[in-house]
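> Quick one: structure below, then a few questions.
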Amino acid sequence: MRLRVTRVAAAMTAGAVLAGAAACSAPSDGKGGADGGTGDSLVVGIAQEPDTLSPLLGYGKDGNSKIFDGLLRHDAGMELRPALAAELPEIGDGGRTYTYTLREGVTFSDGTPFDAEDVVFTYETILDEKTNNPSKGELDALDSVAARDEDTVVFRLKYPYAAFAERTVLPIASKEAAAGQDVNTGPYNTEPVGTGPYVLTGWSRGEKLTFKANPDYWGGAPKVEKLTMAVIKDDDVRATRLRSGDLDAAVLPPALADTFAGDEGRRVIRARTADFRAVTLPTANPVTGDRAVRRALDTAVDRQAIVDSVLGGAGRAAYGPVPTDSPWFAKGTERRHDPDEAREILEEAGWKAGEDGVRRRDGRRAAFTLWYPSGDRLRQEHALAYAADAKEIGIDITVESGTWEVIEPRMKDDAVLSGGGSPADPDFDLYPLLHSSLALDGFNNMAAYDNPDVDRALEEARRTNDRAARTEAYATVQRELAADPGYTFLTHIDHVYVMDDAWQDVTTQVEPHDHGLGAGPWWNVEDWRPKK
């Protein structure tokens, strides 16, 4: 039987908490960071804040939410481990059923017990057509979810989906707290109730989120008792506030982070990632929609120079969403930097050099606009380097910055310096990025890429559990992307953090694109211990 807890925990759980929290005040000095807390507090500078704290709308879907737990979690090596589940799932019916036995004695932060009905509620609500969860397509394989009893949940799939267990790191919401309200606008979005190690105590949008340790967390009360995530979009401002002592930790571009390398009592931490930077090449644009232009740009860009100069070596050249050190990477799809070959491609396609050095065909200049989000120094420098390489082969790129509200309506026609990446499974990146059915569906397939061979391979790869078949399907995708690039992939960047060196058990995982919240050196902050 599930234990009913009568005592109600004071506040709601938090998980974004870890957003950028890499650093900490010395636990023994009794001093805090920007909020003047105790020595067991962290004040972290992060670049972005979530739109919602509800997993029903997509918050924390890749795990490490800190307000919530999933059925499973990732360990330091990105292997799946039990969380709200007592053990890894039992897989049956040729990969079409996943049965989870739940951990006993777990409660939500308001004191109510966790059971199978909360799991069913979470997944069914996400899949409801009325729910505005932009990531619900990630559960396309799910046919039904049912509670066999209060301790057992059975998922039935439409087809064998090899990556399904990875999808069950998704946070579980409280049915009692979230049901009976508008899922898209109700209070649960800003007043979350979860089972995680932290509880939300305040959220001033655009300014900060604050959290406290959950004293009744099933995994044990965290030693880091207070977390503050200061929302600071501008990289330079974040670095300035860190240097002034206003922050205990921050995520920073490599060049800015390196300026802290000699500081006593601080650590610069670099984490390997699946986080790519790429230029979208919209098919609706008459210049970027031309395959010859896309191939020429793919050949002209000097990826290694960007790694060396923009990233200071903190990253790798990228030839697609799959990192070159991934076992899923298709060897032989690397593209060499060859401006002469790029010029030949353009010449053969009828793009002739004009008097101003910009190529033309049928009276049209080889010119387009490339946007990047304002305040993002790394994307700005990637964009400028890319434009400089394009200029060498006669393509004129105008680099502009703006908010996402400015950029999103222009994505159909203008290029964007985009980012993304998940280390969990190649389906998580390749399908939403390249499948034609998701063209311009929010931030999915931003280039409106349409390649029938790629579509078929993506569908084959997600509908089989055969590792060899999946490997070959994803190799097909990568070879097609090399021959018909809808994006110019530039780099996979290392994430770089600066934090006070006051805690033990600080490690990193291979990180996704989204970081500063759950991903970062603080992915396991609930397990940190103060240095003696």
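Residues in the structure tokens are numbered from 1 in each chain, the chains being A, B, ... in the order shown, and ligands are numbered from 1 in the order shown.
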When DSSP is applied to the backbone of this structure, which of range 137-192 of chain A are assigned strand (DSSP E)? Write them out as an NGL selection string.
:A and (142-149 or 152-157)
> For the residues in the current selection, export N, CA and C atoms as a PDB file, in the first residue's frame.

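The resulting file, again-v7.pdb, is reproduced below:
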ATOM      1  N   LEU A 142       3.300   6.142 -28.554  1.00  0.00           N
ATOM      2  CA  LEU A 142       2.506   5.689 -27.420  1.00  0.00           C
ATOM      3  C   LEU A 142       1.035   5.521 -27.808  1.00  0.00           C
ATOM      4  N   ASP A 143       0.505   4.306 -27.593  1.00  0.00           N
ATOM      5  CA  ASP A 143      -0.894   4.029 -27.887  1.00  0.00           C
ATOM      6  C   ASP A 143      -1.758   4.212 -26.646  1.00  0.00           C
ATOM      7  N   SER A 144      -1.298   3.699 -25.496  1.00  0.00           N
ATOM      8  CA  SER A 144      -2.072   3.839 -24.269  1.00  0.00           C
ATOM      9  C   SER A 144      -1.168   3.675 -23.058  1.00  0.00           C
ATOM     10  N   VAL A 145      -1.633   4.199 -21.930  1.00  0.00           N
ATOM     11  CA  VAL A 145      -0.942   4.016 -20.653  1.00  0.00           C
ATOM     12  C   VAL A 145      -2.007   3.712 -19.620  1.00  0.00           C
ATOM     13  N   ALA A 146      -1.782   2.688 -18.808  1.00  0.00           N
ATOM     14  CA  ALA A 146      -2.797   2.262 -17.850  1.00  0.00           C
ATOM     15  C   ALA A 146      -2.151   1.839 -16.544  1.00  0.00           C
ATOM     16  N   ALA A 147      -2.903   2.035 -15.457  1.00  0.00           N
ATOM     17  CA  ALA A 147      -2.470   1.599 -14.136  1.00  0.00           C
ATOM     18  C   ALA A 147      -2.990   0.182 -13.904  1.00  0.00           C
ATOM     19  N   ARG A 148      -2.071  -0.786 -13.823  1.00  0.00           N
ATOM     20  CA  ARG A 148      -2.479  -2.161 -13.506  1.00  0.00           C
ATOM     21  C   ARG A 148      -2.927  -2.229 -12.051  1.00  0.00           C
ATOM     22  N   ASP A 149      -2.219  -1.521 -11.194  1.00  0.00           N
ATOM     23  CA  ASP A 149      -2.600  -1.293  -9.805  1.00  0.00           C
ATOM     24  C   ASP A 149      -1.887  -0.026  -9.377  1.00  0.00           C
ATOM     25  N   THR A 152       1.884  -0.157 -10.360  1.00  0.00           N
ATOM     26  CA  THR A 152       2.317  -0.692 -11.651  1.00  0.00           C
ATOM     27  C   THR A 152       1.674   0.071 -12.799  1.00  0.00           C
ATOM     28  N   VAL A 153       2.496   0.464 -13.769  1.00  0.00           N
ATOM     29  CA  VAL A 153       2.022   1.180 -14.950  1.00  0.00           C
ATOM     30  C   VAL A 153       2.451   0.418 -16.196  1.00  0.00           C
ATOM     31  N   VAL A 154       1.539   0.292 -17.153  1.00  0.00           N
ATOM     32  CA  VAL A 154       1.838  -0.408 -18.397  1.00  0.00           C
ATOM     33  C   VAL A 154       1.637   0.544 -19.575  1.00  0.00           C
ATOM     34  N   PHE A 155       2.698   0.745 -20.359  1.00  0.00           N
ATOM     35  CA  PHE A 155       2.628   1.529 -21.585  1.00  0.00           C
ATOM     36  C   PHE A 155       2.507   0.557 -22.764  1.00  0.00           C
ATOM     37  N   ARG A 156       1.576   0.825 -23.670  1.00  0.00           N
ATOM     38  CA  ARG A 156       1.444   0.036 -24.902  1.00  0.00           C
ATOM     39  C   ARG A 156       1.761   0.936 -26.090  1.00  0.00           C
ATOM     40  N   LEU A 157       2.624   0.446 -26.968  1.00  0.00           N
ATOM     41  CA  LEU A 157       3.081   1.240 -28.105  1.00  0.00           C
ATOM     42  C   LEU A 157       2.396   0.793 -29.395  1.00  0.00           C
TER      43      LEU A 157
END
> Excluding range 136-138 of chain A and any residue of its chain fewer than 6 positions from it, enumerate the residues within 10 Å of it, using only C-alpha atoms, and give them as number ranges by chain.
A: 56-58, 61, 123, 125-129, 164, 167, 427-428, 431-432, 438
> Identify which of the residues A:Tyr198, A:Tyr386, A:Trp328, A:Phe114 lies closest to Arg470 in chain A, counting only C-alpha atoms when measuring atom-to-atom distances.
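Result for the nearest residue to Arg470 in chain A: A:Trp328.
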> List every residue of range 157-241 of chain A that has an atom at most 10 Å from any atom of range 362-381 of chain A, and for each one report the closest atom pair and its distance in Å to one decimal, counting only C-alpha atoms, with rows sorted by chain and then by increasing residue number, as a tab-separated table.

residue	atom	partner	partner_atom	distance
A:Ile232	CA	A:Gly375	CA	9.6
A:Lys233	CA	A:Gly375	CA	6.3
A:Asp234	CA	A:Gly375	CA	4.5
A:Asp235	CA	A:Gly375	CA	6.4
A:Asp236	CA	A:Gly375	CA	8.3
A:Val237	CA	A:Gly375	CA	9.4
> Mind dumping the selected residues with N, CA, C and O atoms as a CSV table (one decimal), in the first residue's frame?

chain,number,residue,atom,x,y,z
A,232,ILE,N,19.8,36.2,-16.7
A,232,ILE,CA,20.6,37.3,-17.2
A,232,ILE,C,20.9,36.9,-18.7
A,232,ILE,O,21.8,36.0,-18.9
A,233,LYS,N,20.2,37.4,-19.6
A,233,LYS,CA,20.3,37.0,-21.0
A,233,LYS,C,21.7,37.3,-21.6
A,233,LYS,O,22.2,36.6,-22.4
A,234,ASP,N,22.2,38.5,-21.3
A,234,ASP,CA,23.4,38.9,-21.9
A,234,ASP,C,24.7,38.3,-21.3
A,234,ASP,O,24.9,38.3,-20.1
A,235,ASP,N,25.5,37.7,-22.2
A,235,ASP,CA,26.7,37.0,-21.7
A,235,ASP,C,27.6,37.9,-20.9
A,235,ASP,O,28.2,37.6,-19.8
A,236,ASP,N,27.9,39.1,-21.4
A,236,ASP,CA,28.8,40.0,-20.8
A,236,ASP,C,28.3,40.5,-19.4
A,236,ASP,O,29.1,40.6,-18.5
A,237,VAL,N,27.0,40.8,-19.3
A,237,VAL,CA,26.5,41.2,-18.0
A,237,VAL,C,26.6,40.0,-17.0
A,237,VAL,O,26.9,40.3,-15.8
> What's the 10 Å shell around Ala385 in chain A, counting only C-alpha atoms, without same-chain residues fewer than 2 positions away, as a VMD selection string?
chain A and resid 301 to 303 305 to 306 309 to 310 379 to 383 387 to 391
> Run DSSP on the backbone of this structure and report the residues of range 63-296 of chain A it assigns to helix (DSSP H, G or I), as a CSV table (one decimal) with N, CA and C atoms, in the first residue's frame.

chain,number,residue,atom,x,y,z
A,93,ASP,N,6.1,-8.1,-25.6
A,93,ASP,CA,5.3,-8.1,-26.9
A,93,ASP,C,6.2,-7.5,-28.0
A,94,GLY,N,7.4,-8.0,-28.1
A,94,GLY,CA,8.2,-7.6,-29.2
A,94,GLY,C,8.6,-6.1,-29.2
A,95,GLY,N,8.7,-5.6,-28.0
A,95,GLY,CA,9.0,-4.2,-27.8
A,95,GLY,C,7.8,-3.2,-27.8
A,116,ALA,N,0.4,5.2,-9.4
A,116,ALA,CA,0.3,5.0,-10.9
A,116,ALA,C,-0.6,6.0,-11.6
A,117,GLU,N,-1.7,6.4,-10.8
A,117,GLU,CA,-2.6,7.3,-11.5
A,117,GLU,C,-2.0,8.7,-11.9
A,118,ASP,N,-1.0,9.1,-11.1
A,118,ASP,CA,-0.2,10.3,-11.5
A,118,ASP,C,0.5,10.1,-12.8
A,119,VAL,N,1.1,8.9,-13.0
A,119,VAL,CA,1.8,8.6,-14.3
A,119,VAL,C,0.8,8.6,-15.4
A,120,VAL,N,-0.3,7.9,-15.3
A,120,VAL,CA,-1.3,7.9,-16.3
A,120,VAL,C,-1.8,9.3,-16.6
A,121,PHE,N,-2.1,10.1,-15.6
A,121,PHE,CA,-2.6,11.4,-15.8
A,121,PHE,C,-1.6,12.3,-16.6
A,122,THR,N,-0.3,12.2,-16.2
A,122,THR,CA,0.7,13.0,-16.9
A,122,THR,C,0.8,12.7,-18.4
A,123,TYR,N,0.9,11.4,-18.7
A,123,TYR,CA,1.0,11.0,-20.2
A,123,TYR,C,-0.3,11.3,-21.0
A,124,GLU,N,-1.4,11.0,-20.4
A,124,GLU,CA,-2.7,11.2,-21.1
A,124,GLU,C,-2.9,12.7,-21.3
A,125,THR,N,-2.6,13.5,-20.3
A,125,THR,CA,-2.8,14.9,-20.5
A,125,THR,C,-1.9,15.5,-21.6
A,126,ILE,N,-0.6,15.1,-21.6
A,126,ILE,CA,0.3,15.6,-22.6
A,126,ILE,C,-0.2,15.2,-24.0
A,127,LEU,N,-0.8,14.0,-24.2
A,127,LEU,CA,-1.3,13.6,-25.5
A,127,LEU,C,-2.6,14.1,-25.9
A,136,LYS,N,4.7,17.0,-27.8
A,136,LYS,CA,3.9,15.8,-27.7
A,136,LYS,C,4.2,14.9,-28.8
A,137,GLY,N,4.7,15.3,-29.9
A,137,GLY,CA,5.1,14.4,-31.0
A,137,GLY,C,6.1,13.4,-30.7
A,138,GLU,N,6.9,13.7,-29.6
A,138,GLU,CA,7.9,12.8,-29.1
A,138,GLU,C,7.3,11.5,-28.5
A,139,LEU,N,6.0,11.6,-28.3
A,139,LEU,CA,5.3,10.4,-27.7
A,139,LEU,C,4.4,9.8,-28.8
A,164,PHE,N,11.9,4.4,-26.5
A,164,PHE,CA,10.8,4.8,-25.6
A,164,PHE,C,11.3,4.9,-24.2
A,165,ALA,N,12.1,4.0,-23.7
A,165,ALA,CA,12.5,4.1,-22.3
A,165,ALA,C,13.2,5.5,-22.0
A,166,GLU,N,13.9,6.0,-23.0
A,166,GLU,CA,14.5,7.3,-22.8
A,166,GLU,C,13.4,8.4,-22.7
A,167,ARG,N,12.2,8.2,-23.2
A,167,ARG,CA,11.2,9.2,-23.1
A,167,ARG,C,10.6,9.2,-21.7
A,175,LYS,N,-1.6,14.5,-10.2
A,175,LYS,CA,-2.9,14.6,-10.6
A,175,LYS,C,-3.8,15.4,-9.7
A,176,GLU,N,-3.6,15.2,-8.4
A,176,GLU,CA,-4.4,15.9,-7.4
A,176,GLU,C,-4.2,17.4,-7.6
A,177,ALA,N,-3.0,17.9,-7.8
A,177,ALA,CA,-2.7,19.3,-7.8
A,177,ALA,C,-3.1,19.9,-9.2
A,178,ALA,N,-2.9,19.2,-10.3
A,178,ALA,CA,-3.0,19.8,-11.6
A,178,ALA,C,-4.3,19.5,-12.3
A,187,PRO,N,-2.9,27.6,-12.7
A,187,PRO,CA,-1.8,27.9,-11.8
A,187,PRO,C,-0.7,26.9,-11.7
A,188,TYR,N,-1.0,25.6,-12.1
A,188,TYR,CA,0.1,24.6,-12.0
A,188,TYR,C,1.3,25.0,-12.8
A,189,ASN,N,1.2,25.8,-13.8
A,189,ASN,CA,2.3,26.2,-14.7
A,189,ASN,C,3.3,27.1,-13.9
A,235,ASP,N,25.5,37.7,-22.2
A,235,ASP,CA,26.7,37.0,-21.7
A,235,ASP,C,27.6,37.9,-20.9
A,236,ASP,N,27.9,39.1,-21.4
A,236,ASP,CA,28.8,40.0,-20.8
A,236,ASP,C,28.3,40.5,-19.4
A,237,VAL,N,27.0,40.8,-19.3
A,237,VAL,CA,26.5,41.2,-18.0
A,237,VAL,C,26.6,40.0,-17.0
A,238,ARG,N,26.3,38.8,-17.5
A,238,ARG,CA,26.5,37.7,-16.6
A,238,ARG,C,27.9,37.6,-16.1
A,239,ALA,N,28.9,37.7,-16.9
A,239,ALA,CA,30.3,37.7,-16.5
A,239,ALA,C,30.6,38.8,-15.5
A,240,THR,N,30.1,40.0,-15.8
A,240,THR,CA,30.4,41.1,-14.9
A,240,THR,C,29.8,40.9,-13.5
A,241,ARG,N,28.6,40.4,-13.4
A,241,ARG,CA,27.9,40.1,-12.1
A,241,ARG,C,28.6,39.0,-11.4
A,242,LEU,N,29.2,38.0,-12.1
A,242,LEU,CA,29.9,36.9,-11.5
A,242,LEU,C,31.2,37.5,-10.9
A,243,ARG,N,31.9,38.4,-11.6
A,243,ARG,CA,33.1,38.9,-11.1
A,243,ARG,C,32.9,39.8,-9.9
A,254,PRO,N,33.2,30.4,-23.9
A,254,PRO,CA,34.5,29.9,-23.5
A,254,PRO,C,35.5,31.1,-23.3
A,255,ALA,N,35.5,32.1,-24.1
A,255,ALA,CA,36.4,33.2,-24.0
A,255,ALA,C,36.2,34.0,-22.7
A,256,LEU,N,34.9,34.2,-22.3
A,256,LEU,CA,34.7,34.9,-21.1
A,256,LEU,C,35.0,34.0,-19.9
A,257,ALA,N,34.7,32.8,-20.0
A,257,ALA,CA,35.0,31.8,-18.9
A,257,ALA,C,36.5,31.8,-18.6
A,258,ASP,N,37.3,31.8,-19.7
A,258,ASP,CA,38.8,31.7,-19.5
A,258,ASP,C,39.3,32.9,-18.7
A,291,ARG,N,19.8,24.2,-54.2
A,291,ARG,CA,20.7,23.1,-53.6
A,291,ARG,C,22.2,23.4,-53.9
A,292,ALA,N,22.5,24.0,-55.0
A,292,ALA,CA,23.9,24.4,-55.3
A,292,ALA,C,24.4,25.4,-54.3
A,293,VAL,N,23.6,26.3,-53.9
A,293,VAL,CA,24.0,27.3,-52.9
A,293,VAL,C,24.3,26.6,-51.6
A,294,ARG,N,23.4,25.7,-51.2
A,294,ARG,CA,23.5,25.0,-49.9
A,294,ARG,C,24.8,24.2,-49.9
A,295,ARG,N,25.0,23.5,-51.0
A,295,ARG,CA,26.2,22.6,-51.1
A,295,ARG,C,27.5,23.5,-51.1
A,296,ALA,N,27.5,24.6,-51.7
A,296,ALA,CA,28.6,25.5,-51.8
A,296,ALA,C,28.9,26.1,-50.4
> At what distance in Å, to one decimal, does CA of Asn133 in chain A lie from CA of Gln478 in chain A?
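These atoms are spaced 28.6 Å apart.
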> Please provide as a VMD selection string all residues within 9 Å of range 492-499 of chain A, with the sequence filter that same-chain residues fewer than 3 positions apart are discarded (counting only C-alpha atoms).
chain A and resid 20 to 25 44 242 247 to 254 257 to 258 260 to 261 265 to 277 307 311 313 to 318 321 323 to 324 421 489 502 511 515 520 to 521
> Report as a PyMOL selection string all protein, DNA and RNA residues lying within 12 Å of Gly219 in chain A, evaluated on only C-alpha atoms, omitting residues in the same chain fewer than 4 positions from it.
chain A and resi 66+69+82-84+103+105-107+195-198+213-215+223+524+526-527
> By how many Å are CA of Ala278 in chain A and CA of Gly45 in chain A apart?
25.1 Å
> Skipping near chain neighbours, those fewer than 5 positions away, what residues fall within 9 Å of Glu408 in chain A using only C-alpha atoms, listed as an mmCIF file with N, CA and C atoms, in the first residue's frame?

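Output contents, as saved in around-v3.cif:
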data_model
loop_
_atom_site.group_PDB
_atom_site.id
_atom_site.type_symbol
_atom_site.label_atom_id
_atom_site.label_comp_id
_atom_site.auth_asym_id
_atom_site.auth_seq_id
_atom_site.Cartn_x
_atom_site.Cartn_y
_atom_site.Cartn_z
ATOM 1 N N THR A 403 15.188 39.505 -30.920
ATOM 2 C CA THR A 403 14.595 38.556 -29.986
ATOM 3 C C THR A 403 13.947 37.425 -30.784
ATOM 4 N N GLY A 442 6.532 25.153 -35.161
ATOM 5 C CA GLY A 442 7.260 25.790 -34.068
ATOM 6 C C GLY A 442 8.719 25.915 -34.458
ATOM 7 N N PHE A 443 9.606 25.380 -33.614
ATOM 8 C CA PHE A 443 11.035 25.420 -33.924
ATOM 9 C C PHE A 443 11.531 24.080 -34.470
#
> Interatomic distance between CA of Arg410 in chain A and CA of Ala448 in chain A?
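CA of Ala448 in chain A lies 12.7 Å from CA of Arg410 in chain A.
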> At a cut-off of 12 Å, using only C-alpha atoms, what residues contact Phe329 in chain A? Leave out same-chain residues fewer than 4 positions from it and give the result as a VMD selection string.
chain A and resid 274 318 to 325 333 to 334 425 to 426 430 470 to 479
